[in-house]
Amino acid sequence: MTERAERFRALHESGCFALANAWDAGSARLLDGMGFQALATTSAGLAFMLGRRDGEAAVSRAEALANARDIIGATDLPVSADLEDGYGPAPEDAAATVREAVAAGLCGCTIEDTTANPDDPIHGFDAAVARVAAAVEAARAAPHPFVLTARAENFLHGRPDLDDTIRRLVAFAEAGADCLYAPALPDEDAIRAVVRAVAPKAVNVLMGPRSGLLPAARLAALGVRRVSVGGSIARAAYAAAIQAGEWLAAGDLPAFAAVMPHGEINRRMRGR
């Protein structure tokens, strides 16, 4: 476990790497064999796998950590987990979530400044910082390196306030977070501003700005250290399932000839 955790921490110290998001043991095994250096879970992918809607606090801490353990068991790669708001409003909730994440064998996790309350979706500044500080304290008590990523969610919740987002990320960095993350930043200038504000801490970007997705090499040139795709790989898989269901419903059985053969999927399930 320590060796995996040390590898994961080292990935954040220079360059830019892709963090592929798996949602179950099978997807983890497939991604493991594709050359990625680390994996992450996805709260959206997990919600879909359980037949639930994402973004409605419909998945429990126990379910998220059970899913993480399945993914850890399917790969030798370091695994970080999307643990949403830490499953509770108080700093101790975030700390308890990190302690359980460490015990599950994770090498890192993300904690958001969301409230799970659609009428008031973002914690106030002081509360948000206190929650990250508690999560960091729990992470530092781990017996192995643990990368704590703090997320500022303004742009995902109808609050396009870059100044407040940067203020939060800087405070999270000062509280000890190892990696900073603001999903859905609007453009390259915003990404560049975030990277500059929290340097030398690592910055995670969700694929790219809303103004248009960028190649990973361009994000690296902007100073981004980690690129993740959230639920996008899971969405691609579910979109393929929907399409296949539509073929069947329409009686278009010849369309299934385009599907990857059983033997190829079976081969890839062996992983590396």
# chains A, B, ... in the order shown; residues from 1 in each chain; ligands from 1
>>> closest_atom_pairs(of="range 100-169 of chain A", to="range 9-17 of chain A", cutoff="9 Å", atoms="only C-alpha atoms", output="Markdown table")
| residue | atom | partner | partner_atom | distance |
| --- | --- | --- | --- | --- |
| A:Cys107 | CA | A:Arg9 | CA | 8.2 |
| A:Gly108 | CA | A:Arg9 | CA | 8.7 |
| A:Pro145 | CA | A:Arg9 | CA | 6.9 |
| A:Phe146 | CA | A:Arg9 | CA | 7.3 |
| A:Val147 | CA | A:Arg9 | CA | 6.3 |
>>> residues_around(residues="range 175-181 of chain A", least_positions_apart="3", cutoff="8 Å", atoms="only C-alpha atoms", output="PDB file with all heavy atoms, in the first residue's frame")
ATOM      1  N   HIS A  12       2.199  13.865  -8.663  1.00  0.00           N
ATOM      2  CA  HIS A  12       1.758  15.250  -8.534  1.00  0.00           C
ATOM      3  C   HIS A  12       2.913  16.252  -8.454  1.00  0.00           C
ATOM      4  O   HIS A  12       2.682  17.463  -8.435  1.00  0.00           O
ATOM      5  CB  HIS A  12       0.904  15.417  -7.270  1.00  0.00           C
ATOM      6  CG  HIS A  12      -0.400  14.674  -7.325  1.00  0.00           C
ATOM      7  ND1 HIS A  12      -0.482  13.309  -7.140  1.00  0.00           N
ATOM      8  CD2 HIS A  12      -1.670  15.109  -7.548  1.00  0.00           C
ATOM      9  CE1 HIS A  12      -1.745  12.938  -7.234  1.00  0.00           C
ATOM     10  NE2 HIS A  12      -2.474  14.002  -7.490  1.00  0.00           N
ATOM     11  N   VAL A 129     -13.303  26.145   4.598  1.00  0.00           N
ATOM     12  CA  VAL A 129     -11.896  26.026   4.962  1.00  0.00           C
ATOM     13  C   VAL A 129     -11.732  25.114   6.177  1.00  0.00           C
ATOM     14  O   VAL A 129     -10.814  24.281   6.226  1.00  0.00           O
ATOM     15  CB  VAL A 129     -11.284  27.413   5.227  1.00  0.00           C
ATOM     16  CG1 VAL A 129      -9.851  27.278   5.741  1.00  0.00           C
ATOM     17  CG2 VAL A 129     -11.316  28.258   3.957  1.00  0.00           C
ATOM     18  N   VAL A 132     -11.891  21.485   5.068  1.00  0.00           N
ATOM     19  CA  VAL A 132     -10.660  21.042   4.411  1.00  0.00           C
ATOM     20  C   VAL A 132      -9.545  20.867   5.441  1.00  0.00           C
ATOM     21  O   VAL A 132      -8.786  19.879   5.393  1.00  0.00           O
ATOM     22  CB  VAL A 132     -10.244  22.026   3.309  1.00  0.00           C
ATOM     23  CG1 VAL A 132      -8.839  21.714   2.792  1.00  0.00           C
ATOM     24  CG2 VAL A 132     -11.252  21.987   2.164  1.00  0.00           C
ATOM     25  N   ALA A 133      -9.435  21.780   6.386  1.00  0.00           N
ATOM     26  CA  ALA A 133      -8.390  21.667   7.419  1.00  0.00           C
ATOM     27  C   ALA A 133      -8.552  20.375   8.213  1.00  0.00           C
ATOM     28  O   ALA A 133      -7.558  19.690   8.521  1.00  0.00           O
ATOM     29  CB  ALA A 133      -8.435  22.875   8.343  1.00  0.00           C
ATOM     30  N   VAL A 136      -7.449  17.487   6.003  1.00  0.00           N
ATOM     31  CA  VAL A 136      -5.993  17.453   5.910  1.00  0.00           C
ATOM     32  C   VAL A 136      -5.398  16.836   7.176  1.00  0.00           C
ATOM     33  O   VAL A 136      -4.481  15.995   7.091  1.00  0.00           O
ATOM     34  CB  VAL A 136      -5.436  18.868   5.686  1.00  0.00           C
ATOM     35  CG1 VAL A 136      -3.919  18.892   5.892  1.00  0.00           C
ATOM     36  CG2 VAL A 136      -5.786  19.366   4.285  1.00  0.00           C
ATOM     37  N   VAL A 147      -2.944  11.810  -0.706  1.00  0.00           N
ATOM     38  CA  VAL A 147      -3.115  13.066  -1.430  1.00  0.00           C
ATOM     39  C   VAL A 147      -4.534  13.578  -1.225  1.00  0.00           C
ATOM     40  O   VAL A 147      -5.505  12.984  -1.707  1.00  0.00           O
ATOM     41  CB  VAL A 147      -2.819  12.883  -2.934  1.00  0.00           C
ATOM     42  CG1 VAL A 147      -3.096  14.176  -3.693  1.00  0.00           C
ATOM     43  CG2 VAL A 147      -1.370  12.446  -3.140  1.00  0.00           C
ATOM     44  N   LEU A 148      -4.641  14.680  -0.493  1.00  0.00           N
ATOM     45  CA  LEU A 148      -5.945  15.295  -0.235  1.00  0.00           C
ATOM     46  C   LEU A 148      -6.188  16.395  -1.268  1.00  0.00           C
ATOM     47  O   LEU A 148      -5.437  17.373  -1.347  1.00  0.00           O
ATOM     48  CB  LEU A 148      -5.966  15.864   1.184  1.00  0.00           C
ATOM     49  CG  LEU A 148      -7.313  16.270   1.798  1.00  0.00           C
ATOM     50  CD1 LEU A 148      -7.904  17.525   1.190  1.00  0.00           C
ATOM     51  CD2 LEU A 148      -8.312  15.129   1.745  1.00  0.00           C
ATOM     52  N   THR A 149      -7.223  16.208  -2.061  1.00  0.00           N
ATOM     53  CA  THR A 149      -7.608  17.186  -3.082  1.00  0.00           C
ATOM     54  C   THR A 149      -8.833  17.945  -2.602  1.00  0.00           C
ATOM     55  O   THR A 149      -9.835  17.331  -2.222  1.00  0.00           O
ATOM     56  CB  THR A 149      -7.912  16.497  -4.422  1.00  0.00           C
ATOM     57  OG1 THR A 149      -6.730  15.825  -4.872  1.00  0.00           O
ATOM     58  CG2 THR A 149      -8.359  17.503  -5.472  1.00  0.00           C
ATOM     59  N   ALA A 150      -8.754  19.277  -2.598  1.00  0.00           N
ATOM     60  CA  ALA A 150      -9.870  20.123  -2.162  1.00  0.00           C
ATOM     61  C   ALA A 150     -10.498  20.776  -3.370  1.00  0.00           C
ATOM     62  O   ALA A 150      -9.806  21.365  -4.215  1.00  0.00           O
ATOM     63  CB  ALA A 150      -9.375  21.179  -1.180  1.00  0.00           C
ATOM     64  N   ARG A 151     -11.828  20.684  -3.452  1.00  0.00           N
ATOM     65  CA  ARG A 151     -12.564  21.157  -4.627  1.00  0.00           C
ATOM     66  C   ARG A 151     -13.425  22.365  -4.277  1.00  0.00           C
ATOM     67  O   ARG A 151     -14.139  22.356  -3.284  1.00  0.00           O
ATOM     68  CB  ARG A 151     -13.477  20.048  -5.168  1.00  0.00           C
ATOM     69  CG  ARG A 151     -12.742  18.893  -5.732  1.00  0.00           C
ATOM     70  CD  ARG A 151     -13.652  17.734  -6.152  1.00  0.00           C
ATOM     71  NE  ARG A 151     -14.788  18.115  -6.977  1.00  0.00           N
ATOM     72  CZ  ARG A 151     -15.371  17.288  -7.847  1.00  0.00           C
ATOM     73  NH1 ARG A 151     -14.912  16.050  -8.008  1.00  0.00           N
ATOM     74  NH2 ARG A 151     -16.421  17.688  -8.549  1.00  0.00           N
ATOM     75  N   ALA A 152     -13.362  23.376  -5.139  1.00  0.00           N
ATOM     76  CA  ALA A 152     -14.236  24.543  -5.052  1.00  0.00           C
ATOM     77  C   ALA A 152     -15.251  24.433  -6.182  1.00  0.00           C
ATOM     78  O   ALA A 152     -14.882  24.476  -7.358  1.00  0.00           O
ATOM     79  CB  ALA A 152     -13.432  25.828  -5.159  1.00  0.00           C
ATOM     80  N   LEU A 169      -9.610  28.294  -3.122  1.00  0.00           N
ATOM     81  CA  LEU A 169      -8.531  27.363  -3.433  1.00  0.00           C
ATOM     82  C   LEU A 169      -7.238  27.754  -2.726  1.00  0.00           C
ATOM     83  O   LEU A 169      -6.503  26.888  -2.232  1.00  0.00           O
ATOM     84  CB  LEU A 169      -8.317  27.301  -4.944  1.00  0.00           C
ATOM     85  CG  LEU A 169      -9.464  26.693  -5.761  1.00  0.00           C
ATOM     86  CD1 LEU A 169      -9.153  26.798  -7.241  1.00  0.00           C
ATOM     87  CD2 LEU A 169      -9.732  25.250  -5.369  1.00  0.00           C
ATOM     88  N   ALA A 171      -7.026  29.357   0.110  1.00  0.00           N
ATOM     89  CA  ALA A 171      -7.215  29.026   1.519  1.00  0.00           C
ATOM     90  C   ALA A 171      -7.111  27.519   1.754  1.00  0.00           C
ATOM     91  O   ALA A 171      -6.543  27.074   2.767  1.00  0.00           O
ATOM     92  CB  ALA A 171      -8.568  29.540   2.008  1.00  0.00           C
ATOM     93  N   PHE A 172      -7.637  26.732   0.824  1.00  0.00           N
ATOM     94  CA  PHE A 172      -7.519  25.278   0.956  1.00  0.00           C
ATOM     95  C   PHE A 172      -6.052  24.855   0.878  1.00  0.00           C
ATOM     96  O   PHE A 172      -5.609  23.970   1.617  1.00  0.00           O
ATOM     97  CB  PHE A 172      -8.310  24.572  -0.145  1.00  0.00           C
ATOM     98  CG  PHE A 172      -9.805  24.809  -0.140  1.00  0.00           C
ATOM     99  CD1 PHE A 172     -10.554  24.513  -1.269  1.00  0.00           C
ATOM    100  CD2 PHE A 172     -10.447  25.324   0.977  1.00  0.00           C
ATOM    101  CE1 PHE A 172     -11.928  24.728  -1.284  1.00  0.00           C
ATOM    102  CE2 PHE A 172     -11.820  25.545   0.979  1.00  0.00           C
ATOM    103  CZ  PHE A 172     -12.561  25.245  -0.160  1.00  0.00           C
ATOM    104  N   VAL A 198      -2.194  29.130  -6.725  1.00  0.00           N
ATOM    105  CA  VAL A 198      -1.925  28.098  -5.711  1.00  0.00           C
ATOM    106  C   VAL A 198      -0.544  27.480  -5.851  1.00  0.00           C
ATOM    107  O   VAL A 198      -0.189  26.580  -5.089  1.00  0.00           O
ATOM    108  CB  VAL A 198      -2.996  26.994  -5.741  1.00  0.00           C
ATOM    109  CG1 VAL A 198      -4.381  27.577  -5.521  1.00  0.00           C
ATOM    110  CG2 VAL A 198      -2.951  26.184  -7.033  1.00  0.00           C
ATOM    111  N   LYS A 201       1.481  24.198  -5.470  1.00  0.00           N
ATOM    112  CA  LYS A 201       0.592  23.052  -5.305  1.00  0.00           C
ATOM    113  C   LYS A 201       0.070  22.585  -6.671  1.00  0.00           C
ATOM    114  O   LYS A 201      -0.032  23.358  -7.621  1.00  0.00           O
ATOM    115  CB  LYS A 201      -0.585  23.415  -4.403  1.00  0.00           C
ATOM    116  CG  LYS A 201      -0.203  23.769  -2.962  1.00  0.00           C
ATOM    117  CD  LYS A 201       0.260  22.534  -2.198  1.00  0.00           C
ATOM    118  CE  LYS A 201       0.582  22.865  -0.731  1.00  0.00           C
ATOM    119  NZ  LYS A 201      -0.617  22.935   0.106  1.00  0.00           N
ATOM    120  N   ALA A 202      -0.279  21.298  -6.736  1.00  0.00           N
ATOM    121  CA  ALA A 202      -0.806  20.715  -7.972  1.00  0.00           C
ATOM    122  C   ALA A 202      -2.243  21.167  -8.207  1.00  0.00           C
ATOM    123  O   ALA A 202      -3.011  21.379  -7.261  1.00  0.00           O
ATOM    124  CB  ALA A 202      -0.747  19.195  -7.893  1.00  0.00           C
ATOM    125  N   VAL A 203      -2.600  21.297  -9.472  1.00  0.00           N
ATOM    126  CA  VAL A 203      -3.970  21.639  -9.873  1.00  0.00           C
ATOM    127  C   VAL A 203      -4.521  20.520 -10.746  1.00  0.00           C
ATOM    128  O   VAL A 203      -3.859  20.058 -11.679  1.00  0.00           O
ATOM    129  CB  VAL A 203      -4.009  22.974 -10.640  1.00  0.00           C
ATOM    130  CG1 VAL A 203      -5.385  23.201 -11.277  1.00  0.00           C
ATOM    131  CG2 VAL A 203      -3.665  24.129  -9.706  1.00  0.00           C
ATOM    132  N   ASN A 204      -5.742  20.092 -10.427  1.00  0.00           N
ATOM    133  CA  ASN A 204      -6.484  19.132 -11.252  1.00  0.00           C
ATOM    134  C   ASN A 204      -7.479  19.908 -12.109  1.00  0.00           C
ATOM    135  O   ASN A 204      -8.137  20.835 -11.633  1.00  0.00           O
ATOM    136  CB  ASN A 204      -7.244  18.156 -10.351  1.00  0.00           C
ATOM    137  CG  ASN A 204      -7.973  17.063 -11.137  1.00  0.00           C
ATOM    138  OD1 ASN A 204      -7.483  15.947 -11.263  1.00  0.00           O
ATOM    139  ND2 ASN A 204      -9.159  17.359 -11.648  1.00  0.00           N
ATOM    140  N   VAL A 205      -7.592  19.517 -13.371  1.00  0.00           N
ATOM    141  CA  VAL A 205      -8.598  20.099 -14.265  1.00  0.00           C
ATOM    142  C   VAL A 205      -9.488  18.986 -14.790  1.00  0.00           C
ATOM    143  O   VAL A 205      -9.012  17.904 -15.144  1.00  0.00           O
ATOM    144  CB  VAL A 205      -7.931  20.864 -15.424  1.00  0.00           C
ATOM    145  CG1 VAL A 205      -8.914  21.144 -16.553  1.00  0.00           C
ATOM    146  CG2 VAL A 205      -7.360  22.181 -14.919  1.00  0.00           C
TER     147      VAL A 205
END
>>> select_by_dssp(residues="range 42-209 of chain A", states="strand (DSSP E or B)", output="ChimeraX atom specification")
/A:79-82,108-112,114,122,147-151,179-181,202-206
>>> write_last_selection(atoms="N, CA, C and O atoms", output="CSV table (one decimal), in the first residue's frame")
chain,number,residue,atom,x,y,z
A,79,VAL,N,-5.2,4.4,-6.4
A,79,VAL,CA,-6.6,4.8,-6.6
A,79,VAL,C,-6.9,6.0,-5.7
A,79,VAL,O,-6.6,5.9,-4.5
A,80,SER,N,-7.5,7.0,-6.2
A,80,SER,CA,-8.1,8.1,-5.4
A,80,SER,C,-9.6,8.0,-5.6
A,80,SER,O,-10.1,7.4,-6.5
A,81,ALA,N,-10.3,8.6,-4.6
A,81,ALA,CA,-11.8,8.5,-4.6
A,81,ALA,C,-12.4,9.9,-4.7
A,81,ALA,O,-12.0,10.8,-4.0
A,82,ASP,N,-13.5,10.0,-5.4
A,82,ASP,CA,-14.4,11.1,-5.4
A,82,ASP,C,-15.3,10.9,-4.2
A,82,ASP,O,-16.3,10.1,-4.3
A,108,GLY,N,-5.6,8.6,-2.0
A,108,GLY,CA,-6.1,10.0,-2.0
A,108,GLY,C,-7.6,10.1,-2.1
A,108,GLY,O,-8.3,9.1,-2.4
A,109,CYS,N,-8.1,11.3,-2.0
A,109,CYS,CA,-9.5,11.5,-2.2
A,109,CYS,C,-9.8,13.0,-2.4
A,109,CYS,O,-8.9,13.8,-2.2
A,110,THR,N,-11.0,13.3,-2.9
A,110,THR,CA,-11.4,14.7,-3.1
A,110,THR,C,-12.5,15.0,-2.1
A,110,THR,O,-13.3,14.2,-1.8
A,111,ILE,N,-12.5,16.2,-1.5
A,111,ILE,CA,-13.5,16.7,-0.7
A,111,ILE,C,-14.0,18.1,-1.3
A,111,ILE,O,-13.2,19.0,-1.5
A,112,GLU,N,-15.3,18.2,-1.5
A,112,GLU,CA,-15.9,19.4,-2.1
A,112,GLU,C,-16.4,20.4,-1.0
A,112,GLU,O,-16.6,20.0,0.1
A,114,THR,N,-19.3,21.6,-1.3
A,114,THR,CA,-20.8,21.6,-1.5
A,114,THR,C,-21.5,21.2,-0.2
A,114,THR,O,-20.9,20.6,0.7
A,122,ILE,N,-23.4,25.8,-1.6
A,122,ILE,CA,-22.0,26.0,-1.3
A,122,ILE,C,-21.8,26.4,0.1
A,122,ILE,O,-22.4,27.4,0.6
A,147,VAL,N,-2.9,11.8,-0.7
A,147,VAL,CA,-3.1,13.1,-1.4
A,147,VAL,C,-4.5,13.6,-1.2
A,147,VAL,O,-5.5,13.0,-1.7
A,148,LEU,N,-4.6,14.7,-0.5
A,148,LEU,CA,-5.9,15.3,-0.2
A,148,LEU,C,-6.2,16.4,-1.3
A,148,LEU,O,-5.4,17.4,-1.3
A,149,THR,N,-7.2,16.2,-2.1
A,149,THR,CA,-7.6,17.2,-3.1
A,149,THR,C,-8.8,17.9,-2.6
A,149,THR,O,-9.8,17.3,-2.2
A,150,ALA,N,-8.8,19.3,-2.6
A,150,ALA,CA,-9.9,20.1,-2.2
A,150,ALA,C,-10.5,20.8,-3.4
A,150,ALA,O,-9.8,21.4,-4.2
A,151,ARG,N,-11.8,20.7,-3.5
A,151,ARG,CA,-12.6,21.2,-4.6
A,151,ARG,C,-13.4,22.4,-4.3
A,151,ARG,O,-14.1,22.4,-3.3
A,179,CYS,N,-3.7,19.1,-3.5
A,179,CYS,CA,-4.1,19.3,-4.9
A,179,CYS,C,-5.3,20.1,-4.9
A,179,CYS,O,-6.2,19.9,-4.0
A,180,LEU,N,-5.5,21.1,-5.8
A,180,LEU,CA,-6.6,22.0,-5.8
A,180,LEU,C,-7.4,21.8,-7.1
A,180,LEU,O,-6.8,21.5,-8.2
A,181,TYR,N,-8.7,21.9,-7.0
A,181,TYR,CA,-9.6,21.5,-8.1
A,181,TYR,C,-10.8,22.4,-8.2
A,181,TYR,O,-11.5,22.4,-7.2
A,202,ALA,N,-0.3,21.3,-6.7
A,202,ALA,CA,-0.8,20.7,-8.0
A,202,ALA,C,-2.2,21.2,-8.2
A,202,ALA,O,-3.0,21.4,-7.3
A,203,VAL,N,-2.6,21.3,-9.5
A,203,VAL,CA,-4.0,21.6,-9.9
A,203,VAL,C,-4.5,20.5,-10.7
A,203,VAL,O,-3.9,20.1,-11.7
A,204,ASN,N,-5.7,20.1,-10.4
A,204,ASN,CA,-6.5,19.1,-11.3
A,204,ASN,C,-7.5,19.9,-12.1
A,204,ASN,O,-8.1,20.8,-11.6
A,205,VAL,N,-7.6,19.5,-13.4
A,205,VAL,CA,-8.6,20.1,-14.3
A,205,VAL,C,-9.5,19.0,-14.8
A,205,VAL,O,-9.0,17.9,-15.1
A,206,LEU,N,-10.8,19.3,-14.8
A,206,LEU,CA,-11.8,18.3,-15.4
A,206,LEU,C,-11.8,18.5,-16.9
A,206,LEU,O,-12.5,19.4,-17.4
>>> residues_around(residues="Ala68 in chain A", least_positions_apart="4", cutoff="9 Å", atoms="only C-alpha atoms", output="VMD selection string")
chain A and resid 23 to 25 40 to 41 63 to 64 72 to 73 79 to 81 101 104 to 106
>>> closest_residue(among="A:Ala127, A:Leu77, A:Val227, A:Leu50", to="Thr115 in chain A", atoms="only C-alpha atoms")
A:Ala127
